[in-house]
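**Student:** Structure incoming, see below.
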There are 2 protein chains.
Amino acid sequence: MKAGAALCIAICGAALAADPGTAAKPLSSAQILDAAQATDWRRPDPANTLYLELPAGRVVIELAPRFAPEHVANIKALVGEKFFDGLPIGRVQDNYVTQWGDIDEVRKTATATRRLPDETALAWNESLPIVKLPDADGYAPATGWLDGFPTGIERKPAAQVWMTHCYGIVGVARGDWPDTGSGSELYVVIGQAPRHLDRNIVLVGKVLRGMELLSSLPRGSAPLGFYDDQEKGRRTLISSARLASSLPASERTALEVLRTDTALFTKYVEARRNRREDWFLRPAGHIDVCNLAIPTR
Amino acid sequence: MKAGAALCIAICGAALAADPGTAAKPLSSAQILDAAQATDWRRPDPANTLYLELPAGRVVIELAPRFAPEHVANIKALVGEKFFDGLPIGRVQDNYVTQWGDIDEVRKTATATRRLPDETALAWNESLPIVKLPDADGYAPATGWLDGFPTGIERKPAAQVWMTHCYGIVGVARGDWPDTGSGSELYVVIGQAPRHLDRNIVLVGKVLRGMELLSSLPRGSAPLGFYDDQEKGRRTLISSARLASSLPASERTALEVLRTDTALFTKYVEARRNRREDWFLRPAGHIDVCNLAIPTR
């Protein structure tokens with residue numbers, strides 16, 4: 001029915017190579033990325049990089065010790081015990097979360113702690129290297145990035161910063177009491193950012209690669225997206241969970257993440273706030289912290 | 001590792017029946033829904049209800065003729081020709097869109113129009129029965145609901161209203177020119193609301209049921225989430241697309257949608273702006289128009 005290229009929804013232009021003939025226009029985000037130097041990228045610390053090995057492939061998660069030091073340490077202790085190996089992905093709730101780990105509460109731990117302090121937010125102070133987003137946010141007085149993670153900021157009255165519940169962010173499931181989440185069950189956001197959870201539950205990291213392995217799983221039929229008894233036998237099982245640092249270099253995933261504390265990143269954000277690709281009729285002049293995916297390569 | 005119930009992430013409380021002993025607390029959204037009368041619900045017009053029949057089940061889409069009358073009419077003409085029957089779901093891009101229809105541009109139409117006018121927004125006027133959300137929005141001067149669809153509102157200078165790109169909203173794919181979308185390829189948002197697309201592309205409706213059939217499909221490996229040549233043979237094919245009104249009543253999906261123009265809905269919004277279930281440590285005091293899913297039953 002149409003002549004020409006496939007219908008693209010918004011990013012035909014971005015998928016094309018930069019055209020030097022269009023230099024008079026503001027650069028698109030793709031063109032800005034093309035111009036990035038090696039120093040605009042960072043390599044996540046292997047000691048804070050978690051590999052969730054699934055039958056369909058590897059999910060790479062960057063842990064965020066600054067945001068939740070005790071929870072991250074506990075998860076590392078669990079991983080060191082091979083606690084997650086063989087446990088299921090037990091809950092997939094559409095437009096909400098995928099949850100894995102000791103869903104059936106069958107596993108014991110020798111070294112990890114069962115109850116941890118509240119790490120839903122950390123104290124704000126001037127010296128935190130936060131990169132602020134210029135746009136207003138409805139759920140927080142301000143937002144930005146800290147250590148590459150999306151961050152809510154409240155200087156007054158609470159003087160807190162916290163990781164925001166964006167797509168791909170990983171958290172620690174808990175019961176009705178704040179100290180009931182040990183890290184034995186983790187979840188990842190697979191839909192619209194549930195920002196009302198911010199500062200209600202502890203977030204520990206972010207999926208850098210392999211999100212599609214967690215987001216495209218069959219949804220569970222039981223309440224809250226848990227798999228029901230008939231579905232339980234077909235649950236995806238975790239082959240293993242390992243820190244990258246525990247593997248030989250040859251078995252690690254080579255991965256770089258765009259730094260958020262550079263002049264180039266500031267330009268990148270502006271290009272995403274106002275999309276200039278030919279496809280667009282009208283730039284938004286705004287971006288939500290959860291709409292800005294940090295590039296990886 | 002834990003005594004008691006499964007770890008729930010935010011909605012344990014909502015899943016429980018209303019407890020009359022807790023009447024002193026503000027009602028939760030679940031309790032408000034429990035109190036809804038028959039008149040708080042509406043039945044979508046069968047003439048504007050599209051069934052996308054997939055091998056895994058039926059997707060129910062409510063069309064929005066007020067927002068895009070010519071595009072909706074064209075889609076109905078295509079459906080009347082059985083245009084979509086046998087065509088593939090050809091693109092699934094993680095955290096973005098699922099797209100279906102004449103992806104391979106192989107089908108002819110006898111009665112539908114190939115080019116349509118710009119319907120990315122409609123003129124605002126006082127008499128439109130818009131229900132406004134009290135919270136600020138970053139992408140629009142105001143938001144709310146019109147005919148049950150999430151809506152952006154700009155009284156000045158543009159005097160426009162438009163449907164917002166939320167999870168489950170259905171749009172008309174187009175090429176680099178605004179009039180290149182006929183409805184022969186449609187998409188649905190399956191991730192974080194891509195609000196930067198608002199007023200850039202025509203939206204025609206919303207999935208009321210069966211989103212999980214579109215959101216959990218394997219992601220495509222080619223650029224923009226299109227399936228590559230190796231994957232094409234395994235694409236999900238549309239068994240049929242039909243208007244509910246063209247089927248006998250016995251074959252229609254009985255479905256009601258919570259009305260957005262009632263006093264009960266206003267209470268419901270408030271309960272979602274400030275979650276009072278026991279699980280929550282801190283109510284958000286805010287909700288984004290794309291975070292408020294309109295209940296169906």
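Here, A, B, ... name the chains of the structure tokens in the order displayed, residue numbers run from 1 inside each chain, and ligands are numbered from 1 in the same displayed order.
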Report chain B as a tab-separated table (two decimals) with C-alpha atoms, in the first residue's frame in the frame of chain A, after least-squares superposition over all C-alpha atoms paired in order.

**Tutor:**
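See part.tsv below for the written result:
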```tsv
chain	number	residue	atom	x	y	z
B	1	MET	CA	0.01	0.12	0.09
B	2	LYS	CA	3.00	2.41	0.45
B	3	ALA	CA	5.94	3.25	-1.66
B	4	GLY	CA	9.27	3.27	0.12
B	5	ALA	CA	10.62	2.18	3.45
B	6	ALA	CA	8.91	0.32	6.25
B	7	LEU	CA	6.75	2.31	8.63
B	8	CYS	CA	8.94	3.10	11.53
B	9	ILE	CA	7.20	4.90	14.38
B	10	ALA	CA	9.57	7.64	15.27
B	11	ILE	CA	13.01	6.32	14.67
B	12	CYS	CA	13.54	5.76	10.98
B	13	GLY	CA	15.87	8.73	11.00
B	14	ALA	CA	17.84	7.54	14.00
B	15	ALA	CA	18.48	4.23	12.31
B	16	LEU	CA	20.18	5.87	9.37
B	17	ALA	CA	23.83	6.82	9.35
B	18	ALA	CA	24.66	10.43	10.07
B	19	ASP	CA	24.55	12.45	6.87
B	20	PRO	CA	27.30	15.09	6.72
B	21	GLY	CA	25.10	17.12	4.38
B	22	THR	CA	22.68	17.90	7.22
B	23	ALA	CA	25.22	19.57	9.49
B	24	ALA	CA	23.13	22.74	9.76
B	25	LYS	CA	20.48	20.91	11.78
B	26	PRO	CA	20.99	20.13	15.47
B	27	LEU	CA	22.60	16.73	15.77
B	28	SER	CA	20.37	13.76	16.45
B	29	SER	CA	21.09	11.52	19.43
B	30	ALA	CA	22.45	8.89	17.02
B	31	GLN	CA	24.84	11.42	15.53
B	32	ILE	CA	25.98	12.47	19.00
B	33	LEU	CA	26.66	8.86	19.93
B	34	ASP	CA	28.61	8.40	16.73
B	35	ALA	CA	30.88	11.23	17.87
B	36	ALA	CA	31.47	9.79	21.35
B	37	GLN	CA	35.07	9.22	22.39
B	38	ALA	CA	36.31	6.22	24.32
B	39	THR	CA	36.27	8.34	27.48
B	40	ASP	CA	32.52	8.93	27.12
B	41	TRP	CA	31.96	5.26	27.89
B	42	ARG	CA	32.57	3.31	31.08
B	43	ARG	CA	32.99	-0.36	31.83
B	44	PRO	CA	30.86	-1.57	34.75
B	45	ASP	CA	32.85	-3.01	37.65
B	46	PRO	CA	32.88	-6.83	37.31
B	47	ALA	CA	32.51	-7.07	41.10
B	48	ASN	CA	29.16	-5.31	40.76
B	49	THR	CA	28.00	-7.05	37.59
B	50	LEU	CA	25.61	-9.93	38.02
B	51	TYR	CA	24.99	-12.50	35.32
B	52	LEU	CA	21.64	-14.22	35.47
B	53	GLU	CA	22.03	-17.19	33.18
B	54	LEU	CA	18.75	-18.38	31.67
B	55	PRO	CA	18.15	-21.17	29.15
B	56	ALA	CA	17.53	-18.44	26.54
B	57	GLY	CA	20.66	-16.47	27.34
B	58	ARG	CA	22.42	-14.16	29.76
B	59	VAL	CA	20.91	-11.20	31.57
B	60	VAL	CA	23.53	-8.66	32.66
B	61	ILE	CA	22.63	-6.62	35.75
B	62	GLU	CA	24.71	-3.78	37.14
B	63	LEU	CA	24.43	-3.61	40.93
B	64	ALA	CA	24.33	-0.24	42.69
B	65	PRO	CA	26.18	-0.50	46.00
B	66	ARG	CA	25.94	3.22	46.70
B	67	PHE	CA	22.15	3.07	46.76
B	68	ALA	CA	21.73	-0.07	48.84
B	69	PRO	CA	25.05	-1.28	50.24
B	70	GLU	CA	23.71	-3.89	52.63
B	71	HIS	CA	21.20	-5.33	50.18
B	72	VAL	CA	23.82	-5.52	47.45
B	73	ALA	CA	26.25	-7.22	49.85
B	74	ASN	CA	23.55	-9.70	50.81
B	75	ILE	CA	22.74	-10.49	47.19
B	76	LYS	CA	26.45	-11.07	46.57
B	77	ALA	CA	26.54	-13.44	49.55
B	78	LEU	CA	23.55	-15.34	48.15
B	79	VAL	CA	25.16	-15.48	44.71
B	80	GLY	CA	28.37	-16.73	46.31
B	81	GLU	CA	26.40	-19.62	47.80
B	82	LYS	CA	24.85	-20.39	44.37
B	83	PHE	CA	21.57	-19.70	46.10
B	84	PHE	CA	19.70	-18.73	42.92
B	85	ASP	CA	20.85	-21.66	40.79
B	86	GLY	CA	17.84	-23.73	39.77
B	87	LEU	CA	15.29	-21.35	41.30
B	88	PRO	CA	12.41	-20.18	39.10
B	89	ILE	CA	11.17	-17.01	37.55
B	90	GLY	CA	7.91	-17.29	39.43
B	91	ARG	CA	5.97	-14.17	38.67
B	92	VAL	CA	5.40	-12.17	35.49
B	93	GLN	CA	2.72	-9.50	35.83
B	94	ASP	CA	1.95	-7.65	32.63
B	95	ASN	CA	3.00	-4.00	32.54
B	96	TYR	CA	4.54	-4.36	35.99
B	97	VAL	CA	7.25	-6.77	37.11
B	98	THR	CA	9.05	-10.07	36.54
B	99	GLN	CA	10.17	-11.66	39.82
B	100	TRP	CA	12.61	-14.51	40.42
B	101	GLY	CA	14.39	-16.36	43.19
B	102	ASP	CA	13.12	-18.24	46.21
B	103	ILE	CA	9.47	-17.77	45.23
B	104	ASP	CA	8.46	-21.04	46.84
B	105	GLU	CA	10.52	-20.30	49.99
B	106	VAL	CA	12.30	-23.63	49.88
B	107	ARG	CA	15.95	-22.64	50.05
B	108	LYS	CA	18.21	-22.06	53.02
B	109	THR	CA	21.12	-19.68	53.23
B	110	ALA	CA	24.25	-20.22	55.28
B	111	THR	CA	25.86	-16.81	55.04
B	112	ALA	CA	23.31	-14.21	53.93
B	113	THR	CA	21.27	-12.10	56.32
B	114	ARG	CA	17.52	-12.49	56.51
B	115	ARG	CA	16.64	-9.01	57.61
B	116	LEU	CA	18.28	-5.81	56.47
B	117	PRO	CA	17.95	-2.13	57.29
B	118	ASP	CA	15.83	0.29	55.29
B	119	GLU	CA	17.74	1.31	52.17
B	120	THR	CA	14.86	2.79	50.20
B	121	ALA	CA	16.71	6.13	50.06
B	122	LEU	CA	20.10	7.55	50.99
B	123	ALA	CA	20.99	10.86	52.53
B	124	TRP	CA	21.48	13.69	50.08
B	125	ASN	CA	24.57	15.84	50.37
B	126	GLU	CA	26.28	18.44	48.20
B	127	SER	CA	29.16	16.20	47.29
B	128	LEU	CA	27.13	13.46	45.59
B	129	PRO	CA	28.07	13.50	41.89
B	130	ILE	CA	24.49	13.82	40.67
B	131	VAL	CA	23.79	14.93	37.10
B	132	LYS	CA	20.45	16.69	37.10
B	133	LEU	CA	17.85	16.50	34.37
B	134	PRO	CA	16.50	19.98	33.53
B	135	ASP	CA	12.89	18.82	33.31
B	136	ALA	CA	10.31	18.83	36.07
B	137	ASP	CA	9.10	15.51	37.45
B	138	GLY	CA	5.78	14.73	39.07
B	139	TYR	CA	6.96	12.13	41.56
B	140	ALA	CA	10.10	13.87	42.83
B	141	PRO	CA	11.22	17.49	43.28
B	142	ALA	CA	14.04	16.76	40.82
B	143	THR	CA	15.56	13.83	38.94
B	144	GLY	CA	18.84	12.95	37.32
B	145	TRP	CA	21.51	10.28	37.38
B	146	LEU	CA	23.91	9.06	40.05
B	147	ASP	CA	26.53	6.47	39.11
B	148	GLY	CA	24.55	6.07	35.88
B	149	PHE	CA	21.33	5.08	37.65
B	150	PRO	CA	18.12	7.13	37.36
B	151	THR	CA	17.69	9.07	40.55
B	152	GLY	CA	15.07	11.05	42.42
B	153	ILE	CA	16.25	14.01	44.43
B	154	GLU	CA	14.61	15.80	47.35
B	155	ARG	CA	16.85	18.38	48.99
B	156	LYS	CA	14.16	19.67	51.33
B	157	PRO	CA	12.65	18.65	53.60
B	158	ALA	CA	13.82	15.05	53.38
B	159	ALA	CA	17.36	15.57	52.00
B	160	GLN	CA	17.27	12.23	50.20
B	161	VAL	CA	18.18	10.68	46.89
B	162	TRP	CA	16.86	7.35	45.63
B	163	MET	CA	16.84	5.21	42.55
B	164	THR	CA	13.66	5.63	40.50
B	165	HIS	CA	11.49	2.73	39.36
B	166	CYS	CA	12.16	2.81	35.62
B	167	TYR	CA	11.94	0.05	33.03
B	168	GLY	CA	14.76	-2.44	33.67
B	169	ILE	CA	15.45	-1.38	37.26
B	170	VAL	CA	15.92	-4.28	39.69
B	171	GLY	CA	14.53	-4.34	43.22
B	172	VAL	CA	14.20	-6.51	46.30
B	173	ALA	CA	10.72	-7.99	46.83
B	174	ARG	CA	9.40	-7.71	50.35
B	175	GLY	CA	6.28	-8.48	52.37
B	176	ASP	CA	4.12	-5.97	54.20
B	177	TRP	CA	6.98	-4.95	56.52
B	178	PRO	CA	9.92	-2.95	55.22
B	179	ASP	CA	12.62	-5.28	56.56
B	180	THR	CA	11.24	-8.46	55.01
B	181	GLY	CA	13.23	-8.28	51.78
B	182	SER	CA	16.59	-10.01	51.94
B	183	GLY	CA	17.39	-10.21	48.24
B	184	SER	CA	16.32	-13.84	47.97
B	185	GLU	CA	13.56	-12.67	45.61
B	186	LEU	CA	14.33	-9.97	43.09
B	187	TYR	CA	12.16	-8.23	40.54
B	188	VAL	CA	12.62	-6.09	37.46
B	189	VAL	CA	10.25	-3.48	36.07
B	190	ILE	CA	8.85	-4.63	32.69
B	191	GLY	CA	6.28	-1.91	31.98
B	192	GLN	CA	5.32	1.68	32.60
B	193	ALA	CA	7.55	3.04	35.36
B	194	PRO	CA	5.73	2.37	38.67
B	195	ARG	CA	7.13	5.47	40.27
B	196	HIS	CA	4.67	5.28	43.17
B	197	LEU	CA	6.97	2.52	44.48
B	198	ASP	CA	9.88	4.95	44.82
B	199	ARG	CA	11.15	5.09	48.41
B	200	ASN	CA	8.78	2.26	49.27
B	201	ILE	CA	11.03	-0.62	48.34
B	202	VAL	CA	14.76	-1.13	47.94
B	203	LEU	CA	16.28	-0.93	44.47
B	204	VAL	CA	19.63	-2.54	43.84
B	205	GLY	CA	20.53	-2.25	40.18
B	206	LYS	CA	19.62	-2.20	36.55
B	207	VAL	CA	19.52	-4.60	33.64
B	208	LEU	CA	22.14	-3.58	31.09
B	209	ARG	CA	21.53	-6.35	28.59
B	210	GLY	CA	19.02	-9.16	28.12
B	211	MET	CA	15.89	-7.31	29.27
B	212	GLU	CA	13.94	-8.98	26.49
B	213	LEU	CA	14.58	-12.34	28.17
B	214	LEU	CA	12.71	-11.11	31.25
B	215	SER	CA	10.07	-8.93	29.58
B	216	SER	CA	8.78	-11.39	26.97
B	217	LEU	CA	8.06	-14.31	29.32
B	218	PRO	CA	4.51	-15.65	29.52
B	219	ARG	CA	2.46	-13.74	32.06
B	220	GLY	CA	1.32	-15.67	35.13
B	221	SER	CA	-2.38	-16.43	35.50
B	222	ALA	CA	-2.64	-16.31	39.29
B	223	PRO	CA	-3.21	-13.05	41.20
B	224	LEU	CA	-0.33	-10.56	40.91
B	225	GLY	CA	1.04	-12.47	37.92
B	226	PHE	CA	2.33	-15.45	39.88
B	227	TYR	CA	2.23	-18.67	37.91
B	228	ASP	CA	-0.61	-20.89	38.98
B	229	ASP	CA	-0.25	-24.55	39.89
B	230	GLN	CA	-0.75	-25.70	36.31
B	231	GLU	CA	1.87	-23.25	35.03
B	232	LYS	CA	4.47	-23.94	37.71
B	233	GLY	CA	5.92	-26.94	35.94
B	234	ARG	CA	6.75	-24.78	32.93
B	235	ARG	CA	8.45	-21.94	34.77
B	236	THR	CA	11.77	-20.70	33.45
B	237	LEU	CA	14.54	-21.81	35.81
B	238	ILE	CA	17.69	-19.83	36.52
B	239	SER	CA	20.64	-21.87	35.30
B	240	SER	CA	23.00	-19.87	37.49
B	241	ALA	CA	23.60	-16.43	38.95
B	242	ARG	CA	27.25	-15.32	39.13
B	243	LEU	CA	29.24	-12.17	39.58
B	244	ALA	CA	31.25	-11.28	36.48
B	245	SER	CA	34.32	-11.03	38.73
B	246	SER	CA	34.00	-14.72	39.61
B	247	LEU	CA	34.33	-15.75	35.97
B	248	PRO	CA	37.47	-15.80	33.84
B	249	ALA	CA	37.73	-12.74	31.59
B	250	SER	CA	36.98	-14.87	28.54
B	251	GLU	CA	33.52	-15.72	29.88
B	252	ARG	CA	32.52	-12.17	30.67
B	253	THR	CA	30.25	-10.06	28.48
B	254	ALA	CA	32.18	-7.15	27.03
B	255	LEU	CA	29.95	-4.19	27.65
B	256	GLU	CA	30.27	-0.45	27.89
B	257	VAL	CA	27.72	2.01	29.21
B	258	LEU	CA	27.49	5.66	28.21
B	259	ARG	CA	28.74	7.80	31.07
B	260	THR	CA	26.18	10.22	32.45
B	261	ASP	CA	28.72	12.72	33.84
B	262	THR	CA	30.12	14.06	30.57
B	263	ALA	CA	29.50	17.02	28.28
B	264	LEU	CA	28.53	14.57	25.57
B	265	PHE	CA	25.82	13.07	27.76
B	266	THR	CA	24.36	16.54	28.33
B	267	LYS	CA	24.15	16.96	24.56
B	268	TYR	CA	22.65	13.51	24.25
B	269	VAL	CA	19.92	14.36	26.76
B	270	GLU	CA	19.10	17.54	24.87
B	271	ALA	CA	18.82	15.60	21.60
B	272	ARG	CA	16.38	13.22	23.28
B	273	ARG	CA	14.40	16.07	24.82
B	274	ASN	CA	13.92	17.54	21.34
B	275	ARG	CA	13.98	14.90	18.66
B	276	ARG	CA	15.20	16.34	15.38
B	277	GLU	CA	15.04	13.30	13.14
B	278	ASP	CA	13.05	13.93	9.96
B	279	TRP	CA	10.22	11.71	11.14
B	280	PHE	CA	9.19	14.09	13.93
B	281	LEU	CA	6.60	16.79	13.38
B	282	ARG	CA	7.04	18.37	16.80
B	283	PRO	CA	9.85	18.00	19.35
B	284	ALA	CA	8.61	17.40	22.90
B	285	GLY	CA	10.87	19.88	24.70
B	286	HIS	CA	10.84	17.54	27.67
B	287	ILE	CA	11.95	14.12	28.78
B	288	ASP	CA	11.09	11.99	31.77
B	289	VAL	CA	14.04	10.39	33.57
B	290	CYS	CA	12.48	6.99	32.83
B	291	ASN	CA	12.22	7.75	29.10
B	292	LEU	CA	15.91	8.24	28.69
B	293	ALA	CA	17.52	4.85	28.17
B	294	ILE	CA	21.25	5.00	28.79
B	295	PRO	CA	23.00	3.56	25.73
B	296	THR	CA	25.13	0.45	26.08
B	297	ARG	CA	27.42	-1.18	23.53
```

**Student:** DSSP on the backbone, then: every residue of stretch 172-241 of chain B marked strand (DSSP E or B), written as a ChimeraX atom specification.

**Tutor:** /B:172,185-189,203-209,226,237,240-241

**Student:** Would you please give, as a PyMOL selection string, all residues of stretch 56-292 of chain A that DSSP assigns to alpha helix (DSSP H) based on the backbone?

**Tutor:** chain A and resi 69-80+211-215+229-232+263-273

**Student:** Can I get the selection written as a short mmCIF file (atom, residue, chain, number, x, y, z; two decimals), in the first residue's frame, with N, CA, C and O atoms?

**Tutor:**
```
data_model
loop_
_atom_site.label_atom_id
_atom_site.label_comp_id
_atom_site.auth_asym_id
_atom_site.auth_seq_id
_atom_site.Cartn_x
_atom_site.Cartn_y
_atom_site.Cartn_z
N PRO A 69 23.83 -0.49 49.99
CA PRO A 69 25.05 -1.29 50.26
C PRO A 69 24.77 -2.63 50.94
O PRO A 69 25.35 -3.65 50.54
N GLU A 70 23.91 -2.62 51.92
CA GLU A 70 23.71 -3.89 52.65
C GLU A 70 22.91 -4.90 51.82
O GLU A 70 23.16 -6.10 51.88
N HIS A 71 21.96 -4.40 51.05
CA HIS A 71 21.20 -5.32 50.19
C HIS A 71 22.10 -5.88 49.09
O HIS A 71 22.03 -7.07 48.77
N VAL A 72 22.91 -5.03 48.50
CA VAL A 72 23.81 -5.53 47.45
C VAL A 72 24.79 -6.55 48.04
O VAL A 72 25.02 -7.61 47.44
N ALA A 73 25.32 -6.25 49.23
CA ALA A 73 26.25 -7.22 49.86
C ALA A 73 25.54 -8.54 50.12
O ALA A 73 26.12 -9.62 49.94
N ASN A 74 24.28 -8.46 50.54
CA ASN A 74 23.55 -9.69 50.82
C ASN A 74 23.29 -10.50 49.55
O ASN A 74 23.39 -11.73 49.55
N ILE A 75 22.95 -9.78 48.48
CA ILE A 75 22.74 -10.48 47.20
C ILE A 75 24.04 -11.14 46.76
O ILE A 75 24.04 -12.29 46.29
N LYS A 76 25.14 -10.45 46.93
CA LYS A 76 26.43 -11.06 46.57
C LYS A 76 26.70 -12.31 47.42
O LYS A 76 27.24 -13.30 46.92
N ALA A 77 26.35 -12.26 48.69
CA ALA A 77 26.54 -13.44 49.55
C ALA A 77 25.68 -14.59 49.05
O ALA A 77 26.13 -15.75 48.97
N LEU A 78 24.43 -14.29 48.69
CA LEU A 78 23.55 -15.33 48.15
C LEU A 78 24.12 -15.90 46.85
O LEU A 78 24.14 -17.12 46.65
N VAL A 79 24.58 -15.02 45.98
CA VAL A 79 25.15 -15.47 44.71
C VAL A 79 26.38 -16.35 44.98
O VAL A 79 26.58 -17.38 44.32
N GLY A 80 27.19 -15.95 45.97
CA GLY A 80 28.38 -16.73 46.31
C GLY A 80 28.04 -18.14 46.77
O GLY A 80 28.82 -19.08 46.57
N MET A 211 17.24 -7.60 28.74
CA MET A 211 15.90 -7.30 29.27
C MET A 211 14.82 -8.10 28.56
O MET A 211 13.83 -8.52 29.17
N GLU A 212 14.98 -8.29 27.25
CA GLU A 212 13.94 -8.98 26.48
C GLU A 212 13.72 -10.41 26.98
O GLU A 212 12.65 -10.99 26.77
N LEU A 213 14.74 -10.98 27.64
CA LEU A 213 14.58 -12.33 28.17
C LEU A 213 13.66 -12.34 29.40
O LEU A 213 13.07 -13.36 29.73
N LEU A 214 13.56 -11.21 30.06
CA LEU A 214 12.71 -11.10 31.25
C LEU A 214 11.35 -10.48 30.93
O LEU A 214 10.36 -10.74 31.61
N SER A 215 11.31 -9.65 29.88
CA SER A 215 10.08 -8.92 29.58
C SER A 215 9.14 -9.69 28.67
O SER A 215 7.95 -9.38 28.61
N ASP A 229 -0.78 -23.18 39.67
CA ASP A 229 -0.26 -24.54 39.86
C ASP A 229 -0.03 -25.26 38.53
O ASP A 229 0.94 -26.00 38.38
N GLN A 230 -0.93 -25.03 37.57
CA GLN A 230 -0.75 -25.68 36.27
C GLN A 230 0.46 -25.15 35.53
O GLN A 230 1.08 -25.86 34.73
N GLU A 231 0.77 -23.87 35.74
CA GLU A 231 1.87 -23.24 35.00
C GLU A 231 3.23 -23.50 35.66
O GLU A 231 4.27 -23.34 35.02
N LYS A 232 3.21 -23.87 36.93
CA LYS A 232 4.46 -23.94 37.68
C LYS A 232 5.49 -24.88 37.06
O LYS A 232 6.69 -24.62 37.11
N ALA A 263 30.11 16.00 29.13
CA ALA A 263 29.49 17.02 28.29
C ALA A 263 28.71 16.36 27.15
O ALA A 263 27.64 16.84 26.75
N LEU A 264 29.23 15.24 26.65
CA LEU A 264 28.53 14.55 25.57
C LEU A 264 27.17 14.05 26.04
O LEU A 264 26.17 14.15 25.32
N PHE A 265 27.10 13.55 27.27
CA PHE A 265 25.82 13.06 27.77
C PHE A 265 24.81 14.21 27.86
O PHE A 265 23.63 14.04 27.54
N THR A 266 25.26 15.37 28.28
CA THR A 266 24.36 16.53 28.34
C THR A 266 23.78 16.83 26.95
O THR A 266 22.58 17.10 26.81
N LYS A 267 24.63 16.76 25.94
CA LYS A 267 24.15 16.96 24.56
C LYS A 267 23.18 15.84 24.16
O LYS A 267 22.18 16.08 23.47
N TYR A 268 23.51 14.64 24.59
CA TYR A 268 22.65 13.50 24.26
C TYR A 268 21.25 13.69 24.86
O TYR A 268 20.24 13.48 24.19
N VAL A 269 21.22 14.12 26.11
CA VAL A 269 19.92 14.35 26.77
C VAL A 269 19.14 15.41 25.99
O VAL A 269 17.94 15.24 25.73
N GLU A 270 19.80 16.48 25.60
CA GLU A 270 19.10 17.54 24.87
C GLU A 270 18.54 17.01 23.55
O GLU A 270 17.41 17.34 23.16
N ALA A 271 19.30 16.16 22.87
CA ALA A 271 18.82 15.60 21.60
C ALA A 271 17.63 14.66 21.81
O ALA A 271 16.82 14.48 20.90
N ARG A 272 17.55 14.06 22.99
CA ARG A 272 16.38 13.22 23.29
C ARG A 272 15.21 14.05 23.80
O ARG A 272 14.05 13.63 23.66
N ARG A 273 15.49 15.19 24.40
CA ARG A 273 14.41 16.08 24.83
C ARG A 273 13.70 16.69 23.62
O ARG A 273 12.49 16.95 23.65
#
```
